[in-house]
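**Q** The structure's right below; bear with me while I get my questions together.
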Amino acid sequence: MAAATLVAGGFLACAALSASPAAAQDTDWVEPPASVPKAPRGDPTRNLDMLFGALKAAPDDTTAKAVEDRIWAVWLASGSDTVNLLMARTKAAIDKDDRVLAIRLLDAIVEIRPQYVEGWNRRATVFFLQKDYASALADLRQVLRREPRHFGALVGLGTIMQEIGDETNALAAYRRALEVNPRLKGMADKVRTLADKVDGRPI
């Protein structure tokens with residue numbers, strides 16, 4: 001199932017649950033590393049194609065993590081000094097737990113640079129922290145339309161689906177994340193556990 005279809009399918013189900021009192025439990029929401037290497041020069045699409053090929057071929061977890069960090073470096077490169085400044089202010093706001101300000105800053109980022117996937121992805125994260133799952137799903141849909149291999153967004157999608165009790169779509173999202181990033185930390189175990197519950201159910 002395509003990632004964008006997963007998001008679209010889950011969006012309506014989640015819209016009615018955006019004000020659900022159920023608190024987010026400990027999750028495996030994937031965020032960028034604290035520090036990333038310098039983004040490689042050249043065409044970002046070509047760089048990502050090469051890096052995702054290297055990610056699938058990585059012989060061990062250490063190598064995979066190094067490649068994963070380079071992928072994040074490409075995603076985080078906005079190409080705009082203004083967006084970079086706003087992203088830095090967003091981080092500061094999140095660190096201070098000022099989510100209202102963080103969302104205002106991210107609103108500006110996605111308006112200035114709508115093709116910048118990390119603006120949408122970071123805003124989805126803040127919405128998730130606020131338990132506004134409908135808005136988080138809408139932003140994840142924007143991420144996955146632009147970068148269907150965004151394993152962070154796929155894990156976020158799976159996390160939300162699991163939160164609202166849609167384990168079938170959660171499993172599909174997790175499997176897609178594992179397909180694009182086979183050494184994604186803890187994901188193989190999560191897929192196995194959820195598959196036992198979903199695929200093992202009688203028809």
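The way I read the labels, and the way they are meant: chains A, B, ... in the order of the structure tokens, residue 1 as the first residue of every chain, and ligand 1 as the first ligand shown, with later ones counted on from there.
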Set the distance at 6 Å and use only C-alpha atoms: which residues neighbour stretch 173-176 of chain A once local chain neighbours fewer than 3 positions away are removed? I'd like the list as number ranges by chain.
**A** A: 154-155, 158, 170, 179
**Q** What's around stretch 97-101 of chain A at 9 Å? Count only C-alpha atoms, leave out sequence neighbours fewer than 4 positions away in its own chain, and write the answer as a PyMOL selection string.
**A** chain A and resi 90+92-93+105-106+126-127+129-130
**Q** Tell me which protein, DNA and RNA residues are within 12 Å of A:Ile112, counting only C-alpha atoms, leaving out same-chain ones fewer than 2 positions away, and put them as a list in words.
**A**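 Here the answer would be Ser78, Gly79, Ser80, Asp81, Thr82, Val83, Asn84, Leu86, Leu105, Leu106, Asp107, Ala108, Ile109, Val110, Pro114, Gln115, Tyr116, Gly119 and Trp120 of chain A.
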**Q** Produce a file of the selected residues containing N, CA, C and O atoms, as an mmCIF file, in the first residue's frame.
**A**
data_model
loop_
_atom_site.group_PDB
_atom_site.id
_atom_site.type_symbol
_atom_site.label_atom_id
_atom_site.label_comp_id
_atom_site.auth_asym_id
_atom_site.auth_seq_id
_atom_site.Cartn_x
_atom_site.Cartn_y
_atom_site.Cartn_z
ATOM 1 N N SER A 78 17.786 23.253 3.743
ATOM 2 C CA SER A 78 16.647 23.993 3.193
ATOM 3 C C SER A 78 17.013 24.828 1.970
ATOM 4 O O SER A 78 16.157 25.146 1.151
ATOM 5 N N GLY A 79 18.286 25.216 1.884
ATOM 6 C CA GLY A 79 18.684 26.097 0.790
ATOM 7 C C GLY A 79 18.235 27.531 0.989
ATOM 8 O O GLY A 79 18.260 28.332 0.053
ATOM 9 N N SER A 80 17.816 27.870 2.213
ATOM 10 C CA SER A 80 17.328 29.224 2.492
ATOM 11 C C SER A 80 17.822 29.664 3.862
ATOM 12 O O SER A 80 17.558 29.001 4.869
ATOM 13 N N ASP A 81 18.508 30.806 3.900
ATOM 14 C CA ASP A 81 18.980 31.336 5.181
ATOM 15 C C ASP A 81 17.801 31.676 6.098
ATOM 16 O O ASP A 81 17.874 31.486 7.316
ATOM 17 N N THR A 82 16.723 32.179 5.507
ATOM 18 C CA THR A 82 15.550 32.532 6.295
ATOM 19 C C THR A 82 14.947 31.297 6.951
ATOM 20 O O THR A 82 14.610 31.301 8.148
ATOM 21 N N VAL A 83 14.808 30.238 6.170
ATOM 22 C CA VAL A 83 14.245 28.992 6.712
ATOM 23 C C VAL A 83 15.167 28.411 7.779
ATOM 24 O O VAL A 83 14.699 27.930 8.821
ATOM 25 N N ASN A 84 16.458 28.472 7.536
ATOM 26 C CA ASN A 84 17.413 27.972 8.542
ATOM 27 C C ASN A 84 17.247 28.711 9.873
ATOM 28 O O ASN A 84 17.271 28.100 10.944
ATOM 29 N N LEU A 86 14.532 30.302 10.918
ATOM 30 C CA LEU A 86 13.244 29.933 11.492
ATOM 31 C C LEU A 86 13.287 28.535 12.109
ATOM 32 O O LEU A 86 12.673 28.287 13.154
ATOM 33 N N LEU A 105 6.026 29.395 13.848
ATOM 34 C CA LEU A 105 7.267 29.456 13.062
ATOM 35 C C LEU A 105 7.232 28.445 11.923
ATOM 36 O O LEU A 105 7.642 28.749 10.794
ATOM 37 N N LEU A 106 6.735 27.253 12.202
ATOM 38 C CA LEU A 106 6.667 26.219 11.169
ATOM 39 C C LEU A 106 5.627 26.561 10.110
ATOM 40 O O LEU A 106 5.805 26.205 8.931
ATOM 41 N N ASP A 107 4.560 27.236 10.500
ATOM 42 C CA ASP A 107 3.588 27.728 9.511
ATOM 43 C C ASP A 107 4.296 28.615 8.489
ATOM 44 O O ASP A 107 4.046 28.517 7.277
ATOM 45 N N ALA A 108 5.171 29.490 8.989
ATOM 46 C CA ALA A 108 5.904 30.389 8.097
ATOM 47 C C ALA A 108 6.855 29.604 7.197
ATOM 48 O O ALA A 108 6.994 29.904 6.004
ATOM 49 N N ILE A 109 7.484 28.575 7.758
ATOM 50 C CA ILE A 109 8.440 27.775 6.983
ATOM 51 C C ILE A 109 7.755 27.069 5.822
ATOM 52 O O ILE A 109 8.240 27.110 4.692
ATOM 53 N N VAL A 110 6.621 26.427 6.076
ATOM 54 C CA VAL A 110 5.966 25.684 4.991
ATOM 55 C C VAL A 110 5.365 26.626 3.957
ATOM 56 O O VAL A 110 5.188 26.247 2.792
ATOM 57 N N PRO A 114 7.428 25.414 0.594
ATOM 58 C CA PRO A 114 6.519 24.263 0.668
ATOM 59 C C PRO A 114 7.145 22.943 0.242
ATOM 60 O O PRO A 114 6.654 21.876 0.637
ATOM 61 N N GLN A 115 8.229 22.991 -0.523
ATOM 62 C CA GLN A 115 8.876 21.744 -0.936
ATOM 63 C C GLN A 115 9.876 21.236 0.107
ATOM 64 O O GLN A 115 10.460 20.158 -0.074
ATOM 65 N N TYR A 116 10.072 21.973 1.162
ATOM 66 C CA TYR A 116 11.023 21.590 2.207
ATOM 67 C C TYR A 116 10.330 20.605 3.149
ATOM 68 O O TYR A 116 9.543 20.990 4.013
ATOM 69 N N GLY A 119 10.071 20.965 7.105
ATOM 70 C CA GLY A 119 9.120 21.897 7.698
ATOM 71 C C GLY A 119 7.824 21.180 8.045
ATOM 72 O O GLY A 119 7.303 21.280 9.158
ATOM 73 N N TRP A 120 7.315 20.421 7.092
ATOM 74 C CA TRP A 120 6.094 19.651 7.316
ATOM 75 C C TRP A 120 6.322 18.572 8.385
ATOM 76 O O TRP A 120 5.474 18.356 9.250
#
**Q** Go through A:Pro44, A:Gly152, A:Gly200, A:Gly165 and flag the residue nearest A:Leu178, using only C-alpha atoms for the distances.
**A**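 Of A:Pro44, A:Gly152, A:Gly200, A:Gly165, the one nearest A:Leu178 is A:Gly152, counting only C-alpha atoms.
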**Q** Give the answer as one residue: which of A:Val67, A:Ala57, A:Met87, A:Met161 has the shortest atom-to-atom distance to A:Arg113, using only C-alpha atoms?
**A** A:Met87
**Q** Report, in Å to a single decimal, how far apart atom CA of A:Phe151 and atom CA of A:Leu48 are.
**A**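 Going from atom CA of A:Leu48 over to atom CA of A:Phe151, I get 12.7 Å.
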